[in-house]
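S.K.: This one is run_5.txt, compact mmCIF, N, CA and C atoms.
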# COMPACT_ATOMS: atom_id res chain seq x y z
N MET A 202 153.37 119.63 107.10
CA MET A 202 152.76 118.82 108.13
C MET A 202 153.36 119.14 109.50
N ALA A 203 154.67 119.34 109.51
CA ALA A 203 155.33 119.65 110.78
C ALA A 203 154.85 120.98 111.34
N SER A 204 154.57 121.94 110.44
CA SER A 204 154.11 123.25 110.90
C SER A 204 152.71 123.16 111.52
N ILE A 205 151.89 122.26 111.00
CA ILE A 205 150.55 122.07 111.56
C ILE A 205 150.64 121.50 112.96
N ILE A 206 151.51 120.53 113.14
CA ILE A 206 151.70 119.92 114.46
C ILE A 206 152.26 120.95 115.43
N GLN A 207 153.20 121.72 114.94
CA GLN A 207 153.79 122.76 115.79
C GLN A 207 152.75 123.77 116.23
N THR A 208 151.89 124.18 115.33
CA THR A 208 150.88 125.16 115.71
C THR A 208 149.87 124.58 116.69
N LYS A 209 149.55 123.28 116.55
CA LYS A 209 148.64 122.66 117.51
C LYS A 209 149.28 122.61 118.89
N LYS A 210 150.56 122.30 118.94
CA LYS A 210 151.26 122.28 120.23
C LYS A 210 151.31 123.68 120.83
N GLU A 211 151.57 124.66 120.00
CA GLU A 211 151.60 126.04 120.48
C GLU A 211 150.22 126.47 120.99
N GLN A 212 149.18 126.04 120.30
CA GLN A 212 147.82 126.39 120.73
C GLN A 212 147.51 125.73 122.08
N GLN A 213 147.94 124.48 122.26
CA GLN A 213 147.71 123.80 123.53
C GLN A 213 148.47 124.48 124.66
N GLU A 214 149.71 124.89 124.39
CA GLU A 214 150.48 125.59 125.41
C GLU A 214 149.87 126.95 125.73
N GLN A 215 149.35 127.62 124.72
CA GLN A 215 148.71 128.92 124.95
C GLN A 215 147.46 128.76 125.79
N LYS A 216 146.68 127.72 125.54
CA LYS A 216 145.49 127.46 126.35
C LYS A 216 145.87 127.17 127.79
N LYS A 217 146.95 126.43 127.97
CA LYS A 217 147.42 126.12 129.31
C LYS A 217 147.86 127.39 130.03
N ARG A 218 148.55 128.28 129.34
CA ARG A 218 148.99 129.55 129.93
C ARG A 218 147.81 130.46 130.24
N ASP A 219 146.78 130.42 129.41
CA ASP A 219 145.62 131.28 129.62
C ASP A 219 144.72 130.77 130.74
N LEU A 220 144.84 129.51 131.10
CA LEU A 220 143.98 128.92 132.12
C LEU A 220 144.26 129.54 133.49
N PHE A 221 145.54 129.70 133.83
CA PHE A 221 145.92 130.29 135.11
C PHE A 221 146.64 131.60 134.85
N PRO A 222 146.28 132.63 135.57
CA PRO A 222 146.93 133.93 135.31
C PRO A 222 148.40 133.97 135.74
N LEU A 223 148.79 133.12 136.68
CA LEU A 223 150.17 133.10 137.17
C LEU A 223 150.77 131.71 136.98
N GLN A 224 152.08 131.65 136.94
CA GLN A 224 152.77 130.36 136.84
C GLN A 224 152.73 129.66 138.20
N SER A 225 152.99 128.35 138.20
CA SER A 225 152.92 127.59 139.45
C SER A 225 153.96 128.06 140.45
N GLY A 226 155.13 128.48 139.98
CA GLY A 226 156.15 129.00 140.88
C GLY A 226 155.69 130.25 141.60
N SER A 227 154.90 131.07 140.93
CA SER A 227 154.38 132.29 141.55
C SER A 227 153.44 131.95 142.71
N TYR A 228 152.63 130.93 142.55
CA TYR A 228 151.72 130.55 143.62
C TYR A 228 152.51 130.08 144.84
N LYS A 229 153.61 129.39 144.62
CA LYS A 229 154.44 128.96 145.74
C LYS A 229 155.01 130.15 146.48
N PHE A 230 155.51 131.15 145.74
CA PHE A 230 156.05 132.33 146.40
C PHE A 230 154.97 133.14 147.10
N ILE A 231 153.76 133.14 146.56
CA ILE A 231 152.65 133.83 147.23
C ILE A 231 152.35 133.16 148.56
N LEU A 232 152.35 131.84 148.60
CA LEU A 232 152.11 131.12 149.85
C LEU A 232 153.24 131.37 150.85
N ILE A 233 154.48 131.43 150.37
CA ILE A 233 155.61 131.72 151.24
C ILE A 233 155.47 133.13 151.81
N GLY A 234 155.10 134.09 150.96
CA GLY A 234 154.90 135.46 151.42
C GLY A 234 153.78 135.55 152.44
N PHE A 235 152.71 134.81 152.22
CA PHE A 235 151.59 134.79 153.15
C PHE A 235 152.05 134.22 154.50
N ALA A 236 152.87 133.18 154.47
CA ALA A 236 153.39 132.61 155.72
C ALA A 236 154.27 133.61 156.45
N ILE A 237 155.06 134.41 155.73
CA ILE A 237 155.89 135.43 156.35
C ILE A 237 155.02 136.50 157.00
N VAL A 238 153.94 136.90 156.34
CA VAL A 238 153.02 137.88 156.92
C VAL A 238 152.40 137.34 158.20
N VAL A 239 151.97 136.10 158.18
CA VAL A 239 151.37 135.49 159.37
C VAL A 239 152.41 135.43 160.51
N LEU A 240 153.66 135.09 160.17
CA LEU A 240 154.72 135.08 161.18
C LEU A 240 154.90 136.47 161.80
N GLY A 241 154.84 137.51 160.98
CA GLY A 241 154.96 138.87 161.50
C GLY A 241 153.84 139.21 162.46
N PHE A 242 152.62 138.80 162.15
CA PHE A 242 151.51 139.07 163.06
C PHE A 242 151.62 138.25 164.34
N VAL A 243 152.16 137.05 164.24
CA VAL A 243 152.38 136.24 165.44
C VAL A 243 153.42 136.92 166.33
N LEU A 244 154.45 137.52 165.73
CA LEU A 244 155.45 138.24 166.51
C LEU A 244 154.85 139.44 167.23
N MET A 245 153.78 140.02 166.69
CA MET A 245 153.14 141.17 167.33
C MET A 245 152.27 140.78 168.52
N MET A 246 151.89 139.53 168.63
CA MET A 246 150.96 139.10 169.68
C MET A 246 151.60 139.17 171.06
N GLY A 247 150.75 139.19 172.05
CA GLY A 247 151.20 139.12 173.44
C GLY A 247 151.37 140.47 174.06
N GLY A 248 151.91 140.44 175.28
CA GLY A 248 152.18 141.68 175.99
C GLY A 248 150.99 142.27 176.69
N GLY A 249 149.96 141.50 176.87
CA GLY A 249 148.79 142.01 177.57
C GLY A 249 149.02 142.07 179.07
N ALA A 250 148.33 142.94 179.73
CA ALA A 250 148.45 143.08 181.18
C ALA A 250 147.71 141.95 181.87
N GLU A 251 148.29 141.52 183.00
CA GLU A 251 147.63 140.45 183.77
C GLU A 251 146.40 140.97 184.50
N SER A 252 146.42 142.24 184.88
CA SER A 252 145.24 142.83 185.50
C SER A 252 145.02 144.21 184.87
N ALA A 253 143.83 144.70 185.01
CA ALA A 253 143.49 145.99 184.42
C ALA A 253 144.10 147.16 185.18
N ASP A 254 144.60 146.92 186.38
CA ASP A 254 145.15 147.99 187.20
C ASP A 254 146.62 148.28 186.89
N THR A 255 147.30 147.36 186.22
CA THR A 255 148.73 147.55 185.95
C THR A 255 148.96 147.73 184.46
N PHE A 256 150.04 148.43 184.16
CA PHE A 256 150.41 148.66 182.77
C PHE A 256 151.64 147.81 182.46
N ASN A 257 151.60 147.07 181.36
CA ASN A 257 152.71 146.19 180.99
C ASN A 257 153.53 146.88 179.91
N TYR A 258 154.77 147.23 180.23
CA TYR A 258 155.64 147.90 179.28
C TYR A 258 156.19 146.96 178.22
N GLU A 259 155.87 145.71 178.30
CA GLU A 259 156.33 144.73 177.32
C GLU A 259 155.73 144.99 175.93
N ILE A 260 154.66 145.75 175.84
CA ILE A 260 154.08 146.05 174.53
C ILE A 260 155.00 146.95 173.71
N PHE A 261 155.96 147.59 174.36
CA PHE A 261 156.89 148.46 173.65
C PHE A 261 158.23 147.77 173.36
N SER A 262 158.24 146.47 173.32
CA SER A 262 159.49 145.75 173.08
C SER A 262 159.93 145.89 171.62
N PHE A 263 161.20 145.65 171.38
CA PHE A 263 161.77 145.72 170.03
C PHE A 263 161.04 144.77 169.09
N ARG A 264 160.70 143.61 169.59
CA ARG A 264 160.04 142.60 168.74
C ARG A 264 158.71 143.09 168.21
N ARG A 265 157.91 143.72 169.06
CA ARG A 265 156.57 144.16 168.65
C ARG A 265 156.56 145.48 167.90
N ILE A 266 157.46 146.38 168.23
CA ILE A 266 157.45 147.72 167.63
C ILE A 266 158.25 147.78 166.34
N THR A 267 159.35 147.03 166.25
CA THR A 267 160.24 147.15 165.10
C THR A 267 160.30 145.89 164.25
N LEU A 268 160.60 144.78 164.86
CA LEU A 268 160.84 143.54 164.10
C LEU A 268 159.58 143.04 163.40
N ALA A 269 158.47 142.95 164.11
CA ALA A 269 157.24 142.41 163.53
C ALA A 269 156.73 143.21 162.33
N PRO A 270 156.69 144.55 162.40
CA PRO A 270 156.25 145.29 161.20
C PRO A 270 157.19 145.11 160.01
N ILE A 271 158.50 145.00 160.27
CA ILE A 271 159.44 144.77 159.18
C ILE A 271 159.19 143.41 158.53
N VAL A 272 158.92 142.40 159.35
CA VAL A 272 158.64 141.06 158.83
C VAL A 272 157.35 141.07 158.01
N VAL A 273 156.32 141.76 158.48
CA VAL A 273 155.06 141.84 157.75
C VAL A 273 155.26 142.53 156.40
N LEU A 274 155.98 143.65 156.39
CA LEU A 274 156.24 144.35 155.13
C LEU A 274 157.08 143.50 154.18
N ALA A 275 158.02 142.73 154.72
CA ALA A 275 158.81 141.83 153.87
C ALA A 275 157.91 140.76 153.25
N GLY A 276 156.95 140.26 154.01
CA GLY A 276 156.01 139.28 153.47
C GLY A 276 155.16 139.87 152.36
N PHE A 277 154.69 141.10 152.55
CA PHE A 277 153.92 141.75 151.49
C PHE A 277 154.78 141.99 150.26
N ALA A 278 156.06 142.30 150.46
CA ALA A 278 156.97 142.50 149.33
C ALA A 278 157.17 141.20 148.55
N VAL A 279 157.28 140.08 149.26
CA VAL A 279 157.42 138.79 148.59
C VAL A 279 156.18 138.48 147.77
N VAL A 280 155.01 138.74 148.32
CA VAL A 280 153.76 138.49 147.58
C VAL A 280 153.68 139.38 146.35
N ALA A 281 154.02 140.65 146.49
CA ALA A 281 153.98 141.57 145.35
C ALA A 281 154.98 141.13 144.28
N TRP A 282 156.17 140.73 144.70
CA TRP A 282 157.17 140.26 143.74
C TRP A 282 156.69 139.00 143.02
N ALA A 283 156.03 138.10 143.74
CA ALA A 283 155.54 136.86 143.13
C ALA A 283 154.46 137.15 142.08
N ILE A 284 153.66 138.17 142.30
CA ILE A 284 152.62 138.51 141.35
C ILE A 284 153.20 139.19 140.12
N ILE A 285 154.18 140.06 140.34
CA ILE A 285 154.74 140.86 139.24
C ILE A 285 155.75 140.10 138.40
N ARG A 286 156.46 139.15 138.98
CA ARG A 286 157.57 138.52 138.28
C ARG A 286 157.12 137.77 137.03
N ARG A 287 158.03 137.68 136.08
CA ARG A 287 157.76 136.94 134.85
C ARG A 287 158.47 135.60 134.92
N SER A 288 157.86 134.61 134.32
CA SER A 288 158.51 133.30 134.28
C SER A 288 159.56 133.28 133.19
N LYS A 289 160.52 132.41 133.35
CA LYS A 289 161.57 132.29 132.34
C LYS A 289 161.01 131.51 131.15
N SER A 290 161.07 132.11 129.98
CA SER A 290 160.55 131.43 128.78
C SER A 290 161.70 130.68 128.12
N LYS A 291 161.39 129.60 127.45
CA LYS A 291 162.39 128.75 126.82
C LYS A 291 162.48 129.02 125.33
N LYS A 292 162.26 130.26 124.92
CA LYS A 292 162.29 130.57 123.50
C LYS A 292 163.67 130.96 123.08
If you convert what's in this file into structure tokens, what do you get?
M.R.:
Amino acid sequence: MASIIQTKKEQQEQKKRDLFPLQSGSYKFILIGFAIVVLGFVLMMGGGAESADTFNYEIFSFRRITLAPIVVLAGFAVVAWAIIRRSKSKK
């Protein structure tokens, strides 16, 4: 009788696991990674010229050329890690 109950519980847990392709923790990390990517694109914004006759050298700043792309790539790495990672099983 205990084995029947155990198998029903296992079946219910398997259905729950099959319902969503990723664990809930993975979705949280995906959202965090997405926020990091958005932050990187926000860091890239700005530096436009006030008039069409002048050139603004601010577009070549460290923040836009180096820091922002690194932040964007880090965000994509977090998202990729969240998708690939395995959850800790309690077996």
S.K.: Neighbours of A:Val243 within 12 Å (only C-alpha atoms; same-chain residues fewer than 2 positions away dropped), as a compact mmCIF listing (two decimals) with N, CA and C atoms, in the coordinates of the input?
M.R.:
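That gives us out04.txt:
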# COMPACT_ATOMS: atom_id res chain seq x y z
N ALA A 236 152.87 133.18 154.47
CA ALA A 236 153.39 132.61 155.72
C ALA A 236 154.27 133.61 156.45
N ILE A 237 155.06 134.41 155.73
CA ILE A 237 155.89 135.43 156.35
C ILE A 237 155.02 136.50 157.00
N VAL A 238 153.94 136.90 156.34
CA VAL A 238 153.02 137.88 156.92
C VAL A 238 152.40 137.34 158.20
N VAL A 239 151.97 136.10 158.18
CA VAL A 239 151.37 135.49 159.37
C VAL A 239 152.41 135.43 160.51
N LEU A 240 153.66 135.09 160.17
CA LEU A 240 154.72 135.08 161.18
C LEU A 240 154.90 136.47 161.80
N GLY A 241 154.84 137.51 160.98
CA GLY A 241 154.96 138.87 161.50
C GLY A 241 153.84 139.21 162.46
N MET A 245 153.78 140.02 166.69
CA MET A 245 153.14 141.17 167.33
C MET A 245 152.27 140.78 168.52
N MET A 246 151.89 139.53 168.63
CA MET A 246 150.96 139.10 169.68
C MET A 246 151.60 139.17 171.06
N GLY A 247 150.75 139.19 172.05
CA GLY A 247 151.20 139.12 173.44
C GLY A 247 151.37 140.47 174.06
N GLY A 248 151.91 140.44 175.28
CA GLY A 248 152.18 141.68 175.99
C GLY A 248 150.99 142.27 176.69
N ARG A 264 160.70 143.61 169.59
CA ARG A 264 160.04 142.60 168.74
C ARG A 264 158.71 143.09 168.21
N ARG A 265 157.91 143.72 169.06
CA ARG A 265 156.57 144.16 168.65
C ARG A 265 156.56 145.48 167.90
N LEU A 268 160.60 144.78 164.86
CA LEU A 268 160.84 143.54 164.10
C LEU A 268 159.58 143.04 163.40
N ALA A 269 158.47 142.95 164.11
CA ALA A 269 157.24 142.41 163.53
C ALA A 269 156.73 143.21 162.33
N PRO A 270 156.69 144.55 162.40
CA PRO A 270 156.25 145.29 161.20
C PRO A 270 157.19 145.11 160.01
N VAL A 272 158.92 142.40 159.35
CA VAL A 272 158.64 141.06 158.83
C VAL A 272 157.35 141.07 158.01
N VAL A 273 156.32 141.76 158.48
CA VAL A 273 155.06 141.84 157.75
C VAL A 273 155.26 142.53 156.40
S.K.: Which value, in Å to one decimal, gives the distance between atom CA of A:Lys229 and atom C of A:Phe277?
M.R.: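 Between atom CA of A:Lys229 and atom C of A:Phe277 the gap works out to 13.8 Å.
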S.K.: Quick one: pull the distance between atom CA of A:Val280 and atom CA of A:Thr267, Å, one decimal.
M.R.: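 Separation of atom CA of A:Val280 and atom CA of A:Thr267: 20.6 Å.
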S.K.: Work out how far atom N of A:Phe242 is from atom CA of A:Val279, in Å to one decimal.
M.R.: 14.4 Å
S.K.: Can you list, as number ranges by chain, every residue of chain A that DSSP puts in alpha helix (DSSP H)?
M.R.: A: 203-220, 225-245, 263, 269-285
S.K.: Let me make sure I understand: among A:Ala283, A:Gly276, A:Gln212, A:Gly249, which one has the smallest atom-to-atom distance to A:Tyr228 if we use only N, CA and C atoms?
M.R.: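 Nearest candidate to A:Tyr228 out of A:Ala283, A:Gly276, A:Gln212, A:Gly249: A:Ala283.
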S.K.: When distances are computed from only N, CA and C atoms, which of A:Ala253, A:Ile231, A:Gln215, A:Pro222 shows the smallest separation from A:Ala281?
M.R.: A:Ile231
